[in-house]
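Here the structure is laid out as structure tokens; the discussion comes afterwards.
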Amino acid sequence: MNTTNIKKIVLKSALISLLGFSASGFAETGVVLSEGKTNVTGKTVGGISSLIVGGAVAGGPVGSLLGGLAGFWLGGEAQDQLQASEKLYEVRDSSGKVQHFRSPNHEFNVGDKVEISGIRIKPIAS
């Protein structure tokens with residue numbers, strides 16, 4: 001390969017990278033359809049900690065599995081009883097796809113327009 005071909009390959013690769021980066025930088029918009037609650041944090045913490053304890057106390061994979069399942073359920077119930085559930089928003093994006101998002105930093109009302117950024121939604125900046 002000569003240097004001209006290498007330069008063309010490098011230039012094309014850089015151009016494709018820049019175009020891909022700029023396209024992924026655009027945030028999608030959506031509309032909040034409904035609000036609910038989720039206890040995924042309590043379930044996760046309860047499940048993981050009980051998985052470890054179940055494996056150590058009951059000994060082996062069966063104890064880990066049973067402990068993890070019990071902790072998953074108990075963690076969600078505990079979070080619900082403590083009224084520490086997180087808000088879960090159902091959002092329809094600009095393509096019509098309906099998705100669910102947690103938003104620990106912002107609260108929304110049904111009908112609010114939002115910006116979808118990865119796994120979070122944010123208010124649209126005016």
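By convention here, the chains of the structure tokens are called A, B, ... in the order presented, each chain's residues are numbered starting at 1, and ligands are numbered starting at 1 in the order presented.
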
Find the residues near Val40 in chain A: any atom within 9 Å, counting only C-alpha atoms, skip ones fewer than 3 places away on the same chain, and give them as a PyMOL selection string. chain A and resi 43-45+75-76+79+85-86

Let me see the file: selected residues, N, CA and C atoms, as an mmCIF file, in the first residue's frame.
```
data_model
loop_
_atom_site.group_PDB
_atom_site.id
_atom_site.type_symbol
_atom_site.label_atom_id
_atom_site.label_comp_id
_atom_site.auth_asym_id
_atom_site.auth_seq_id
_atom_site.Cartn_x
_atom_site.Cartn_y
_atom_site.Cartn_z
ATOM 1 N N LYS A 43 -35.066 -3.943 45.091
ATOM 2 C CA LYS A 43 -34.972 -5.321 44.606
ATOM 3 C C LYS A 43 -33.526 -5.693 44.296
ATOM 4 N N THR A 44 -32.806 -4.778 43.682
ATOM 5 C CA THR A 44 -31.414 -5.054 43.321
ATOM 6 C C THR A 44 -30.541 -5.226 44.555
ATOM 7 N N VAL A 45 -30.645 -4.284 45.481
ATOM 8 C CA VAL A 45 -29.835 -4.360 46.706
ATOM 9 C C VAL A 45 -30.205 -5.600 47.514
ATOM 10 N N GLY A 75 -36.590 -6.961 49.192
ATOM 11 C CA GLY A 75 -36.046 -5.630 48.947
ATOM 12 C C GLY A 75 -37.056 -4.702 48.301
ATOM 13 N N GLY A 76 -37.802 -5.237 47.335
ATOM 14 C CA GLY A 76 -38.853 -4.438 46.691
ATOM 15 C C GLY A 76 -39.972 -4.095 47.650
ATOM 16 N N GLN A 79 -38.765 -1.402 50.177
ATOM 17 C CA GLN A 79 -38.726 -0.073 49.576
ATOM 18 C C GLN A 79 -40.139 0.490 49.439
ATOM 19 N N SER A 85 -40.243 4.401 47.020
ATOM 20 C CA SER A 85 -40.303 4.017 45.615
ATOM 21 C C SER A 85 -39.899 5.194 44.738
ATOM 22 N N GLU A 86 -39.285 4.869 43.610
ATOM 23 C CA GLU A 86 -38.877 5.905 42.663
ATOM 24 C C GLU A 86 -39.964 6.067 41.605
#
```

Going by DSSP on the backbone, which residues of chain A come out as helix (DSSP H, G or I)? List them as a ChimeraX atom specification. /A:3-24,40-57,61-81

Filtering to C-alpha atoms, could you give me those residues as a PDB file, in the first residue's frame?
```
ATOM      1  CA  THR A   3       1.021   6.530   1.329  1.00  0.00           C
ATOM      2  CA  THR A   4      -1.787   8.024  -0.790  1.00  0.00           C
ATOM      3  CA  ASN A   5      -4.038   5.033  -0.082  1.00  0.00           C
ATOM      4  CA  ILE A   6      -3.189   5.140   3.625  1.00  0.00           C
ATOM      5  CA  LYS A   7      -4.046   8.850   3.766  1.00  0.00           C
ATOM      6  CA  LYS A   8      -7.387   8.188   2.049  1.00  0.00           C
ATOM      7  CA  ILE A   9      -8.210   5.398   4.498  1.00  0.00           C
ATOM      8  CA  VAL A  10      -7.315   7.559   7.500  1.00  0.00           C
ATOM      9  CA  LEU A  11      -9.317  10.499   6.112  1.00  0.00           C
ATOM     10  CA  LYS A  12     -12.380   8.333   5.409  1.00  0.00           C
ATOM     11  CA  SER A  13     -12.153   6.713   8.848  1.00  0.00           C
ATOM     12  CA  ALA A  14     -11.950  10.117  10.529  1.00  0.00           C
ATOM     13  CA  LEU A  15     -14.907  11.390   8.510  1.00  0.00           C
ATOM     14  CA  ILE A  16     -17.033   8.353   9.363  1.00  0.00           C
ATOM     15  CA  SER A  17     -16.113   8.702  13.050  1.00  0.00           C
ATOM     16  CA  LEU A  18     -17.045  12.383  13.092  1.00  0.00           C
ATOM     17  CA  LEU A  19     -20.347  11.769  11.327  1.00  0.00           C
ATOM     18  CA  GLY A  20     -21.183   8.915  13.684  1.00  0.00           C
ATOM     19  CA  PHE A  21     -20.283  10.985  16.737  1.00  0.00           C
ATOM     20  CA  SER A  22     -22.343  13.988  15.683  1.00  0.00           C
ATOM     21  CA  ALA A  23     -25.367  11.828  14.846  1.00  0.00           C
ATOM     22  CA  SER A  24     -25.271  10.134  18.251  1.00  0.00           C
ATOM     23  CA  VAL A  40     -35.915  -1.657  41.248  1.00  0.00           C
ATOM     24  CA  THR A  41     -33.279  -0.243  43.624  1.00  0.00           C
ATOM     25  CA  GLY A  42     -34.613  -2.136  46.640  1.00  0.00           C
ATOM     26  CA  LYS A  43     -34.972  -5.321  44.606  1.00  0.00           C
ATOM     27  CA  THR A  44     -31.414  -5.054  43.321  1.00  0.00           C
ATOM     28  CA  VAL A  45     -29.835  -4.360  46.706  1.00  0.00           C
ATOM     29  CA  GLY A  46     -31.932  -7.021  48.433  1.00  0.00           C
ATOM     30  CA  GLY A  47     -31.296  -9.594  45.736  1.00  0.00           C
ATOM     31  CA  ILE A  48     -27.530  -9.155  45.574  1.00  0.00           C
ATOM     32  CA  SER A  49     -26.960  -9.027  49.326  1.00  0.00           C
ATOM     33  CA  SER A  50     -29.220 -12.029  49.974  1.00  0.00           C
ATOM     34  CA  LEU A  51     -27.580 -13.954  47.151  1.00  0.00           C
ATOM     35  CA  ILE A  52     -24.239 -13.618  48.915  1.00  0.00           C
ATOM     36  CA  VAL A  53     -25.625 -14.388  52.369  1.00  0.00           C
ATOM     37  CA  GLY A  54     -27.701 -17.318  51.070  1.00  0.00           C
ATOM     38  CA  GLY A  55     -24.637 -18.838  49.443  1.00  0.00           C
ATOM     39  CA  ALA A  56     -22.555 -18.477  52.589  1.00  0.00           C
ATOM     40  CA  VAL A  57     -25.188 -19.623  55.108  1.00  0.00           C
ATOM     41  CA  PRO A  61     -25.557 -22.461  44.511  1.00  0.00           C
ATOM     42  CA  VAL A  62     -29.014 -23.521  45.703  1.00  0.00           C
ATOM     43  CA  GLY A  63     -28.727 -21.347  48.807  1.00  0.00           C
ATOM     44  CA  SER A  64     -27.505 -18.460  46.675  1.00  0.00           C
ATOM     45  CA  LEU A  65     -30.413 -18.801  44.269  1.00  0.00           C
ATOM     46  CA  LEU A  66     -33.064 -19.080  46.986  1.00  0.00           C
ATOM     47  CA  GLY A  67     -31.487 -16.281  49.017  1.00  0.00           C
ATOM     48  CA  GLY A  68     -31.262 -14.037  45.972  1.00  0.00           C
ATOM     49  CA  LEU A  69     -34.891 -14.607  45.006  1.00  0.00           C
ATOM     50  CA  ALA A  70     -36.108 -14.007  48.545  1.00  0.00           C
ATOM     51  CA  GLY A  71     -33.974 -10.878  48.873  1.00  0.00           C
ATOM     52  CA  PHE A  72     -35.198  -9.581  45.527  1.00  0.00           C
ATOM     53  CA  TRP A  73     -38.799  -9.839  46.674  1.00  0.00           C
ATOM     54  CA  LEU A  74     -38.153  -8.554  50.210  1.00  0.00           C
ATOM     55  CA  GLY A  75     -36.046  -5.630  48.947  1.00  0.00           C
ATOM     56  CA  GLY A  76     -38.853  -4.438  46.691  1.00  0.00           C
ATOM     57  CA  GLU A  77     -41.435  -4.825  49.450  1.00  0.00           C
ATOM     58  CA  ALA A  78     -39.253  -2.977  51.964  1.00  0.00           C
ATOM     59  CA  GLN A  79     -38.726  -0.073  49.576  1.00  0.00           C
ATOM     60  CA  ASP A  80     -42.472   0.094  48.969  1.00  0.00           C
ATOM     61  CA  GLN A  81     -43.310  -0.030  52.715  1.00  0.00           C
TER      62      GLN A  81
END
```

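A straight line drawn from CA of Arg102 in chain A to CA of Leu82 in chain A is 18.3 Å long.
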
Asn109 in chain A surroundings by only C-alpha atoms, 9 Å radius, close-in-sequence under 3 positions cut, as a ChimeraX atom specification: /A:32-35,112

Once you have the residues from the selection above, write them out as a compact mmCIF listing (two decimals), in the first residue's frame, restricted to C-alpha atoms.
```
# COMPACT_ATOMS: atom_id res chain seq x y z
CA VAL A 32 -44.69 11.75 29.12
CA LEU A 33 -47.72 9.44 28.87
CA SER A 34 -48.07 8.31 32.48
CA GLU A 35 -46.38 8.19 35.86
CA ASP A 112 -44.66 17.21 29.46
```

Taking the backbone alone, and naming residues the way the document does, which bits of chain A are strand (DSSP E) by DSSP, as a PyMOL selection string? chain A and resi 28-38+86-93+98-102+113-117+120-123

Could you write out that same residue set with C-alpha atoms as an mmCIF file, in the first residue's frame?
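Listed below is the output, again_36.cif:
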```
data_model
loop_
_atom_site.group_PDB
_atom_site.id
_atom_site.type_symbol
_atom_site.label_atom_id
_atom_site.label_comp_id
_atom_site.auth_asym_id
_atom_site.auth_seq_id
_atom_site.Cartn_x
_atom_site.Cartn_y
_atom_site.Cartn_z
ATOM 1 C CA GLU A 28 -34.347 12.464 21.031
ATOM 2 C CA THR A 29 -37.519 14.073 22.293
ATOM 3 C CA GLY A 30 -40.638 12.503 23.722
ATOM 4 C CA VAL A 31 -43.860 13.089 25.637
ATOM 5 C CA VAL A 32 -44.692 11.755 29.118
ATOM 6 C CA LEU A 33 -47.719 9.444 28.866
ATOM 7 C CA SER A 34 -48.066 8.305 32.480
ATOM 8 C CA GLU A 35 -46.379 8.191 35.858
ATOM 9 C CA GLY A 36 -45.958 5.160 38.078
ATOM 10 C CA LYS A 37 -43.526 3.841 40.633
ATOM 11 C CA THR A 38 -40.717 1.323 40.673
ATOM 12 C CA GLU A 86 -38.877 5.905 42.663
ATOM 13 C CA LYS A 87 -41.004 7.517 39.979
ATOM 14 C CA LEU A 88 -41.256 5.684 36.694
ATOM 15 C CA TYR A 89 -42.372 7.558 33.595
ATOM 16 C CA GLU A 90 -43.849 6.060 30.440
ATOM 17 C CA VAL A 91 -42.649 8.133 27.484
ATOM 18 C CA ARG A 92 -43.512 8.014 23.781
ATOM 19 C CA ASP A 93 -40.507 9.077 21.706
ATOM 20 C CA VAL A 98 -43.080 3.746 24.187
ATOM 21 C CA GLN A 99 -40.321 3.381 26.796
ATOM 22 C CA HIS A 100 -40.054 3.522 30.603
ATOM 23 C CA PHE A 101 -37.600 5.814 32.406
ATOM 24 C CA ARG A 102 -36.645 6.543 35.993
ATOM 25 C CA LYS A 113 -42.196 17.215 26.587
ATOM 26 C CA VAL A 114 -38.855 15.677 27.530
ATOM 27 C CA GLU A 115 -35.427 15.068 26.096
ATOM 28 C CA ILE A 116 -34.345 11.424 26.081
ATOM 29 C CA SER A 117 -30.667 11.088 26.907
ATOM 30 C CA ARG A 120 -32.676 9.216 31.562
ATOM 31 C CA ILE A 121 -35.143 11.911 30.605
ATOM 32 C CA LYS A 122 -34.673 15.615 31.169
ATOM 33 C CA PRO A 123 -36.872 18.666 30.752
#
```

For Ile119 in chain A, which residue out of A:Asn39, A:Gln83, A:Ser103, A:Gly96 is the nearest one, using only C-alpha atoms?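 Comparing A:Asn39, A:Gln83, A:Ser103, A:Gly96 against Ile119 in chain A, the winner is A:Ser103.
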